[in-house]
Amino acid sequence: MHESFWQKLLKFYLPLALFIIFLLFPFYWMFNTSLKPMKELYNLKLNPFYIHSPTLANIKTLFFDTIFFRWMYNTFFVAILSTVISLGASLLAAYAIQRLKFKTSGPTGLAIFFGYLIPPTILFIPLATIIFDLRLWDSLWSLVLTYPTFLIPFCTWLLMGYFKSIPKEMEECAMIDGASRLRVFWRIVIPLSLPGIFSAGIFAFTLSWNEFLYALAFISSTESKTVPIGLVTELVRGDVYHWGPLMTGALLASVPVALVYSFFVEHYVAGLTGALKE
Amino acid sequence: MENRNFLGFLLVFPAEAILLIFLAYPFVLGLWLGFTDTVIGRKGEFIGFANYASLLQDSTFWLATYNTFLYTIVAVFFKALLGFMLAIVLNRDFKAKGLMRAIILLPWIIPTALSAIAFWWLYDSTFSAISWTLMKTSLMSHRIDFLGDPTNARLSLIVANVWRGIPFFTIGLLAGLQTIDPTLYEAAAIDGAGSWKRFRRITLPLILPLMAVITTFSTIWTFGDFQLVWVITKGGPANATHLFGTLSFQRAIPGGHFGEGAAISNFILPILVICVLATFKFLRRED
């Protein structure tokens, strides 16, 4: 089908441009604000879309007047540990449910799927009492242990789909040749599903990096906070908003996820759409 | 065969143990807490429906109920509509397709609490860039009080939620659109079907099952949303923008009333159950 330039402009370029502007504008705004001095932020006469006298003062405030690096470290610590735990548990579970077809594998798979649908908003209060009883209140371990509740259902679900796509015959051949089930799992299934494991890992990492509610509810001391919580609670004191450092922090804390994501975007999209199609 | 059952049990055990302790148990515990007067640091007593009865007398709770439904219905509708539109725009071959797809997913990837900070600043009552632009271009004579007025605040939150949710719909639906066999369109075009008819008769019915799944997910997440509202308005002005999630947080964590907070968040359950049943029914009919 042939379309003229004007048709293409109207049906493609124009709507695409509008969507892109809408979707990217808040990021531009973070960037723009992070480089402006306080005086300029509060000067209504200046055009806010343009940076008149760029400054690094906001970065300096963020780095030296807050414990931003500590928050970054905390977030990394929680994200990596909870991802590793969830990935390990999900790999075994997904393989067992998808391939072993044991007695209760159907209901087990369904139960794990339902787990994914329960929003944290329902769980955070009872979880808070459990965390309190376990004496994990205000400890990063409270997050390492609770994040798998949404990571495991997600990863298991994604990996089940992946295992389904690996031909069963390969495993059967190896088993006829005398390899044990676990050996087959370790030597054939895992290497073949590395892309799927990768997608699940990336997803789990970004999901735990982005988590907000549990971290807000279970952590109270400044030095144990994760980045999103630290920024929102420590850079706003009463009516004083430190917009410059706040935006700088938001931008910098987005970088790790954005990097992970940009390197592995194909895996990410494959994971997202794969999970939907299951 | 026994061996297989035992091995299955063994492999599933780590995942199940974590989910039982930190997902299934708190789920049931939450139902129980709703019937108790538990406060922070003290075990509560069973008080029957007292929490629920007092909530039904509580105007803030009714406002939160109204807000939660308004927020969910309006935001999910626009996310689905705009997300689908963008998916259709992107569903063609062009050079920078991969890059475009990567850019479009950004709002979904970046921590919501952080992008919410950007919206918060954009909605500032005095220094909002949106107000500045509208006044400069003479479209408005005065600044918009985005977050100080209840209706404006609700709309502002919905816009932020739609912004964040469009990518999920777009990328999901785009994957679905790409699986539609192009010969179907060619055949229909030869039979004289116009582009609207092709859309209505081919695209729409084929994409509907996927749309239902994505919408269900989005509905559940939006209904149980917390962080956007918490960061941007904290439920204000004067408790006018609370959702079930933020109100239960406010009563339970800073307020210390775990029982009452649990009762509020349990109101999310019926919608959750309805959504799940609806998808299952819908998917089964499609099969």
# chains A, B, ... in the order shown; residues from 1 in each chain; ligands from 1
>>> closest_atom_pairs(of="chain A", to="chain B", cutoff="7 Å", atoms="only C-alpha atoms", output="CSV")
residue,atom,partner,partner_atom,distance
A:Phe12,CA,B:Val89,CA,5.8
A:Leu16,CA,B:Val89,CA,6.8
A:Leu23,CA,B:Trp163,CA,6.5
A:Pro26,CA,B:Ala118,CA,5.8
A:Trp29,CA,B:Ala118,CA,6.7
A:Met30,CA,B:Ala118,CA,5.9
A:Tyr42,CA,B:Phe127,CA,6.8
A:Leu44,CA,B:Phe127,CA,6.9
A:Pro48,CA,B:Ala129,CA,6.3
A:Ala89,CA,B:Ala15,CA,4.9
A:Ser90,CA,B:Ala15,CA,6.3
A:Leu92,CA,B:Leu11,CA,5.0
A:Ala93,CA,B:Val12,CA,4.2
A:Ala96,CA,B:Gly8,CA,5.1
A:Leu100,CA,B:Gly8,CA,6.3
A:Phe102,CA,B:Asn5,CA,4.8
A:Lys103,CA,B:Asn5,CA,6.1
A:Pro119,CA,B:Gly224,CA,6.0
A:Thr121,CA,B:Gly245,CA,5.5
A:Ile122,CA,B:Ser265,CA,5.3
A:Leu123,CA,B:Phe27,CA,6.1
A:Ile125,CA,B:Ala262,CA,6.2
A:Pro126,CA,B:Pro26,CA,5.1
A:Leu127,CA,B:Pro26,CA,5.7
A:Thr146,CA,B:Phe22,CA,6.3
A:Thr149,CA,B:Leu19,CA,5.8
A:Ile152,CA,B:Ala15,CA,6.8
A:Asn210,CA,B:Pro111,CA,4.4
A:Phe212,CA,B:Gln227,CA,6.6
A:Leu213,CA,B:Gln227,CA,6.8
A:Ala217,CA,B:Ile253,CA,6.5
A:Pro228,CA,B:Ala113,CA,6.0
A:Met247,CA,B:Ala118,CA,6.9
A:Ala250,CA,B:Leu114,CA,4.9
A:Ser254,CA,B:Ile110,CA,5.7
A:Val257,CA,B:Ile110,CA,6.7
A:Ala258,CA,B:Ile110,CA,6.8
A:Val265,CA,B:Ala102,CA,6.5
A:Thr273,CA,B:Gly172,CA,5.6
>>> select_by_dssp(residues="segment 85-228 of chain A", states="helix (DSSP H, G or I)", output="ChimeraX atom specification")
/A:85-100,105-117,120-133,140-146,148-164,168-176,181-192,194-210,213-218,222-224,227-228
>>> residues_around(residues="Leu194 of chain A", least_positions_apart="4", cutoff="12 Å", atoms="only C-alpha atoms", output="list of chain:residue names")
A:Leu87, A:Leu91, A:Leu159, A:Tyr162, A:Phe163, A:Ile166, A:Trp186, A:Arg187, A:Ile188, A:Val189, A:Ile190, A:Phe198, A:Ser199, A:Ala200, A:Gly201, A:His267
>>> write_last_selection(atoms="N, CA and C atoms", output="compact mmCIF listing (two decimals), in the first residue's frame")
# COMPACT_ATOMS: atom_id res chain seq x y z
N LEU A 87 15.83 -15.97 41.74
CA LEU A 87 16.17 -16.66 40.50
C LEU A 87 16.46 -18.13 40.78
N LEU A 91 14.09 -21.05 39.27
CA LEU A 91 14.63 -21.99 38.29
C LEU A 91 14.20 -23.42 38.63
N LEU A 159 10.01 -18.29 33.45
CA LEU A 159 10.89 -19.42 33.13
C LEU A 159 10.10 -20.65 32.69
N TYR A 162 9.68 -20.39 29.22
CA TYR A 162 10.93 -20.63 28.52
C TYR A 162 11.25 -22.11 28.42
N PHE A 163 11.07 -22.82 29.53
CA PHE A 163 11.36 -24.26 29.53
C PHE A 163 10.48 -25.00 28.53
N ILE A 166 11.95 -25.43 25.13
CA ILE A 166 13.12 -26.29 24.91
C ILE A 166 12.62 -27.70 24.58
N TRP A 186 21.32 -29.53 34.89
CA TRP A 186 22.49 -28.67 35.03
C TRP A 186 23.23 -28.48 33.71
N ARG A 187 23.36 -29.60 32.93
CA ARG A 187 24.20 -29.56 31.74
C ARG A 187 23.46 -29.18 30.46
N ILE A 188 22.17 -29.45 30.41
CA ILE A 188 21.44 -29.18 29.17
C ILE A 188 20.41 -28.06 29.34
N VAL A 189 19.56 -28.21 30.35
CA VAL A 189 18.46 -27.25 30.49
C VAL A 189 18.98 -25.85 30.82
N ILE A 190 19.85 -25.74 31.81
CA ILE A 190 20.34 -24.42 32.21
C ILE A 190 21.07 -23.71 31.06
N PHE A 198 18.41 -14.94 31.96
CA PHE A 198 18.89 -13.57 31.87
C PHE A 198 17.73 -12.57 31.93
N SER A 199 16.72 -12.81 31.10
CA SER A 199 15.55 -11.92 31.11
C SER A 199 14.94 -11.85 32.49
N ALA A 200 14.78 -13.03 33.11
CA ALA A 200 14.16 -13.08 34.43
C ALA A 200 15.01 -12.31 35.44
N GLY A 201 16.34 -12.46 35.34
CA GLY A 201 17.23 -11.78 36.27
C GLY A 201 17.16 -10.27 36.13
N HIS A 267 16.07 -8.61 25.67
CA HIS A 267 15.68 -9.59 26.67
C HIS A 267 14.49 -9.11 27.47
>>> residues_around(residues="Pro54 of chain A", least_positions_apart="5", cutoff="9 Å", atoms="only C-alpha atoms", output="list in words")
Ser34, Leu35, Lys36 and Pro37 of chain A
>>> decode(residues="segment 40-181 of chain B", atoms="C-alpha atoms", output="PDB file, in the first residue's frame")
ATOM      1  CA  ILE B  40       1.971  -1.292  66.485  1.00  0.00           C
ATOM      2  CA  GLY B  41       3.945  -3.342  69.016  1.00  0.00           C
ATOM      3  CA  ARG B  42       0.904  -4.908  70.724  1.00  0.00           C
ATOM      4  CA  LYS B  43      -1.089  -8.028  69.846  1.00  0.00           C
ATOM      5  CA  GLY B  44      -4.709  -7.132  69.304  1.00  0.00           C
ATOM      6  CA  GLU B  45      -7.965  -8.680  70.434  1.00  0.00           C
ATOM      7  CA  PHE B  46     -10.691 -10.006  68.164  1.00  0.00           C
ATOM      8  CA  ILE B  47     -13.282  -7.244  67.780  1.00  0.00           C
ATOM      9  CA  GLY B  48     -15.479  -8.688  65.047  1.00  0.00           C
ATOM     10  CA  PHE B  49     -16.617  -6.249  62.398  1.00  0.00           C
ATOM     11  CA  ALA B  50     -15.906  -3.155  64.519  1.00  0.00           C
ATOM     12  CA  ASN B  51     -13.167  -1.873  62.160  1.00  0.00           C
ATOM     13  CA  TYR B  52     -15.425  -2.272  59.150  1.00  0.00           C
ATOM     14  CA  ALA B  53     -18.374  -0.710  60.934  1.00  0.00           C
ATOM     15  CA  SER B  54     -16.380   2.348  61.933  1.00  0.00           C
ATOM     16  CA  LEU B  55     -14.960   2.675  58.407  1.00  0.00           C
ATOM     17  CA  LEU B  56     -18.458   2.789  56.961  1.00  0.00           C
ATOM     18  CA  GLN B  57     -19.075   5.823  59.193  1.00  0.00           C
ATOM     19  CA  ASP B  58     -15.845   7.449  58.102  1.00  0.00           C
ATOM     20  CA  SER B  59     -16.179  10.089  55.385  1.00  0.00           C
ATOM     21  CA  THR B  60     -12.449   9.920  54.540  1.00  0.00           C
ATOM     22  CA  PHE B  61     -12.860   6.216  53.845  1.00  0.00           C
ATOM     23  CA  TRP B  62     -15.814   6.866  51.504  1.00  0.00           C
ATOM     24  CA  LEU B  63     -13.822   9.520  49.705  1.00  0.00           C
ATOM     25  CA  ALA B  64     -10.928   7.065  49.329  1.00  0.00           C
ATOM     26  CA  THR B  65     -13.372   4.507  47.906  1.00  0.00           C
ATOM     27  CA  TYR B  66     -14.647   7.041  45.383  1.00  0.00           C
ATOM     28  CA  ASN B  67     -11.083   8.074  44.512  1.00  0.00           C
ATOM     29  CA  THR B  68      -9.891   4.501  44.073  1.00  0.00           C
ATOM     30  CA  PHE B  69     -12.689   3.695  41.621  1.00  0.00           C
ATOM     31  CA  LEU B  70     -12.365   6.986  39.751  1.00  0.00           C
ATOM     32  CA  TYR B  71      -8.588   6.646  39.545  1.00  0.00           C
ATOM     33  CA  THR B  72      -8.750   3.058  38.338  1.00  0.00           C
ATOM     34  CA  ILE B  73     -11.552   3.437  35.800  1.00  0.00           C
ATOM     35  CA  VAL B  74     -10.334   6.666  34.197  1.00  0.00           C
ATOM     36  CA  ALA B  75      -6.622   5.806  34.261  1.00  0.00           C
ATOM     37  CA  VAL B  76      -7.024   2.257  32.925  1.00  0.00           C
ATOM     38  CA  PHE B  77      -9.329   3.492  30.173  1.00  0.00           C
ATOM     39  CA  PHE B  78      -6.832   6.089  28.959  1.00  0.00           C
ATOM     40  CA  LYS B  79      -3.861   3.780  29.362  1.00  0.00           C
ATOM     41  CA  ALA B  80      -5.607   1.187  27.201  1.00  0.00           C
ATOM     42  CA  LEU B  81      -6.754   3.736  24.616  1.00  0.00           C
ATOM     43  CA  LEU B  82      -3.471   5.643  24.276  1.00  0.00           C
ATOM     44  CA  GLY B  83      -1.365   2.509  24.648  1.00  0.00           C
ATOM     45  CA  PHE B  84      -3.305   0.834  21.842  1.00  0.00           C
ATOM     46  CA  MET B  85      -3.044   3.925  19.649  1.00  0.00           C
ATOM     47  CA  LEU B  86       0.706   4.062  20.102  1.00  0.00           C
ATOM     48  CA  ALA B  87       0.994   0.328  19.390  1.00  0.00           C
ATOM     49  CA  ILE B  88      -0.875   0.818  16.108  1.00  0.00           C
ATOM     50  CA  VAL B  89       1.356   3.758  15.166  1.00  0.00           C
ATOM     51  CA  LEU B  90       4.455   1.669  15.875  1.00  0.00           C
ATOM     52  CA  ASN B  91       3.184  -1.437  14.085  1.00  0.00           C
ATOM     53  CA  ARG B  92       4.947  -0.838  10.789  1.00  0.00           C
ATOM     54  CA  ASP B  93       8.474  -1.168   9.517  1.00  0.00           C
ATOM     55  CA  PHE B  94      10.725   1.818  10.006  1.00  0.00           C
ATOM     56  CA  LYS B  95      14.395   2.314  10.643  1.00  0.00           C
ATOM     57  CA  ALA B  96      14.572   3.297  14.290  1.00  0.00           C
ATOM     58  CA  LYS B  97      11.917   0.831  15.475  1.00  0.00           C
ATOM     59  CA  GLY B  98      14.108  -0.855  18.081  1.00  0.00           C
ATOM     60  CA  LEU B  99      15.235   2.468  19.461  1.00  0.00           C
ATOM     61  CA  MET B 100      11.681   3.823  19.591  1.00  0.00           C
ATOM     62  CA  ARG B 101      10.484   0.764  21.448  1.00  0.00           C
ATOM     63  CA  ALA B 102      13.327   1.153  23.930  1.00  0.00           C
ATOM     64  CA  ILE B 103      12.517   4.827  24.529  1.00  0.00           C
ATOM     65  CA  ILE B 104       8.827   4.179  24.930  1.00  0.00           C
ATOM     66  CA  LEU B 105       9.373   1.666  27.716  1.00  0.00           C
ATOM     67  CA  LEU B 106      11.358   4.157  29.819  1.00  0.00           C
ATOM     68  CA  PRO B 107       8.473   5.469  31.951  1.00  0.00           C
ATOM     69  CA  TRP B 108       7.721   1.868  32.859  1.00  0.00           C
ATOM     70  CA  ILE B 109      11.333   0.993  33.732  1.00  0.00           C
ATOM     71  CA  ILE B 110      12.388   4.011  35.762  1.00  0.00           C
ATOM     72  CA  PRO B 111      11.431   3.791  39.453  1.00  0.00           C
ATOM     73  CA  THR B 112       7.950   5.259  39.766  1.00  0.00           C
ATOM     74  CA  ALA B 113       8.791   7.061  42.979  1.00  0.00           C
ATOM     75  CA  LEU B 114      11.528   8.947  41.117  1.00  0.00           C
ATOM     76  CA  SER B 115       9.465   9.939  38.095  1.00  0.00           C
ATOM     77  CA  ALA B 116       6.702  10.895  40.526  1.00  0.00           C
ATOM     78  CA  ILE B 117       9.122  13.459  41.972  1.00  0.00           C
ATOM     79  CA  ALA B 118       9.400  15.038  38.518  1.00  0.00           C
ATOM     80  CA  PHE B 119       5.603  15.245  38.241  1.00  0.00           C
ATOM     81  CA  TRP B 120       5.410  16.673  41.729  1.00  0.00           C
ATOM     82  CA  TRP B 121       7.687  19.526  40.694  1.00  0.00           C
ATOM     83  CA  LEU B 122       5.830  19.975  37.401  1.00  0.00           C
ATOM     84  CA  TYR B 123       2.639  20.337  39.442  1.00  0.00           C
ATOM     85  CA  ASP B 124       4.100  22.986  41.752  1.00  0.00           C
ATOM     86  CA  SER B 125       1.511  25.648  42.542  1.00  0.00           C
ATOM     87  CA  THR B 126       3.867  28.548  41.782  1.00  0.00           C
ATOM     88  CA  PHE B 127       6.758  27.302  39.680  1.00  0.00           C
ATOM     89  CA  SER B 128       5.010  24.759  37.439  1.00  0.00           C
ATOM     90  CA  ALA B 129       6.385  24.788  33.902  1.00  0.00           C
ATOM     91  CA  ILE B 130       2.923  23.820  32.649  1.00  0.00           C
ATOM     92  CA  SER B 131       1.345  26.909  34.218  1.00  0.00           C
ATOM     93  CA  TRP B 132       4.211  29.041  32.926  1.00  0.00           C
ATOM     94  CA  THR B 133       3.674  27.825  29.358  1.00  0.00           C
ATOM     95  CA  LEU B 134      -0.092  28.238  29.470  1.00  0.00           C
ATOM     96  CA  MET B 135       0.245  31.782  30.775  1.00  0.00           C
ATOM     97  CA  LYS B 136       2.993  32.743  28.324  1.00  0.00           C
ATOM     98  CA  THR B 137       0.911  31.548  25.398  1.00  0.00           C
ATOM     99  CA  SER B 138      -2.097  33.380  26.893  1.00  0.00           C
ATOM    100  CA  LEU B 139      -4.139  30.189  27.039  1.00  0.00           C
ATOM    101  CA  MET B 140      -4.635  30.837  30.739  1.00  0.00           C
ATOM    102  CA  SER B 141      -4.747  34.018  32.748  1.00  0.00           C
ATOM    103  CA  HIS B 142      -3.725  32.521  36.086  1.00  0.00           C
ATOM    104  CA  ARG B 143      -1.666  29.665  37.429  1.00  0.00           C
ATOM    105  CA  ILE B 144      -3.265  26.250  37.820  1.00  0.00           C
ATOM    106  CA  ASP B 145      -3.456  25.024  41.395  1.00  0.00           C
ATOM    107  CA  PHE B 146      -2.645  21.436  40.421  1.00  0.00           C
ATOM    108  CA  LEU B 147      -2.425  19.825  43.825  1.00  0.00           C
ATOM    109  CA  GLY B 148      -4.225  22.287  46.089  1.00  0.00           C
ATOM    110  CA  ASP B 149      -7.679  21.693  44.623  1.00  0.00           C
ATOM    111  CA  PRO B 150      -9.189  18.197  45.102  1.00  0.00           C
ATOM    112  CA  THR B 151     -10.478  17.790  41.521  1.00  0.00           C
ATOM    113  CA  ASN B 152      -7.281  19.097  39.961  1.00  0.00           C
ATOM    114  CA  ALA B 153      -5.221  16.912  42.255  1.00  0.00           C
ATOM    115  CA  ARG B 154      -7.173  13.796  41.237  1.00  0.00           C
ATOM    116  CA  LEU B 155      -6.745  14.627  37.553  1.00  0.00           C
ATOM    117  CA  SER B 156      -3.049  15.355  38.000  1.00  0.00           C
ATOM    118  CA  LEU B 157      -2.528  11.974  39.647  1.00  0.00           C
ATOM    119  CA  ILE B 158      -4.452  10.225  36.880  1.00  0.00           C
ATOM    120  CA  VAL B 159      -2.287  11.902  34.217  1.00  0.00           C
ATOM    121  CA  ALA B 160       0.871  10.740  35.998  1.00  0.00           C
ATOM    122  CA  ASN B 161      -0.504   7.211  36.263  1.00  0.00           C
ATOM    123  CA  VAL B 162      -1.490   7.144  32.583  1.00  0.00           C
ATOM    124  CA  TRP B 163       1.981   8.382  31.659  1.00  0.00           C
ATOM    125  CA  ARG B 164       3.553   5.527  33.555  1.00  0.00           C
ATOM    126  CA  GLY B 165       1.173   2.855  32.297  1.00  0.00           C
ATOM    127  CA  ILE B 166       1.037   3.541  28.540  1.00  0.00           C
ATOM    128  CA  PRO B 167       4.286   1.635  27.768  1.00  0.00           C
ATOM    129  CA  PHE B 168       3.004  -1.594  29.295  1.00  0.00           C
ATOM    130  CA  PHE B 169      -0.057  -1.570  27.056  1.00  0.00           C
ATOM    131  CA  THR B 170       1.909  -0.453  23.997  1.00  0.00           C
ATOM    132  CA  ILE B 171       4.659  -3.047  24.174  1.00  0.00           C
ATOM    133  CA  GLY B 172       2.284  -5.855  25.096  1.00  0.00           C
ATOM    134  CA  LEU B 173      -0.208  -5.023  22.349  1.00  0.00           C
ATOM    135  CA  LEU B 174       2.533  -4.394  19.788  1.00  0.00           C
ATOM    136  CA  ALA B 175       3.766  -7.943  20.330  1.00  0.00           C
ATOM    137  CA  GLY B 176       0.206  -9.125  19.697  1.00  0.00           C
ATOM    138  CA  LEU B 177      -0.260  -6.977  16.595  1.00  0.00           C
ATOM    139  CA  GLN B 178       2.905  -8.389  15.101  1.00  0.00           C
ATOM    140  CA  THR B 179       1.585 -11.933  15.301  1.00  0.00           C
ATOM    141  CA  ILE B 180      -1.423 -11.086  13.100  1.00  0.00           C
ATOM    142  CA  ASP B 181      -0.947 -12.649   9.673  1.00  0.00           C
TER     143      ASP B 181
END
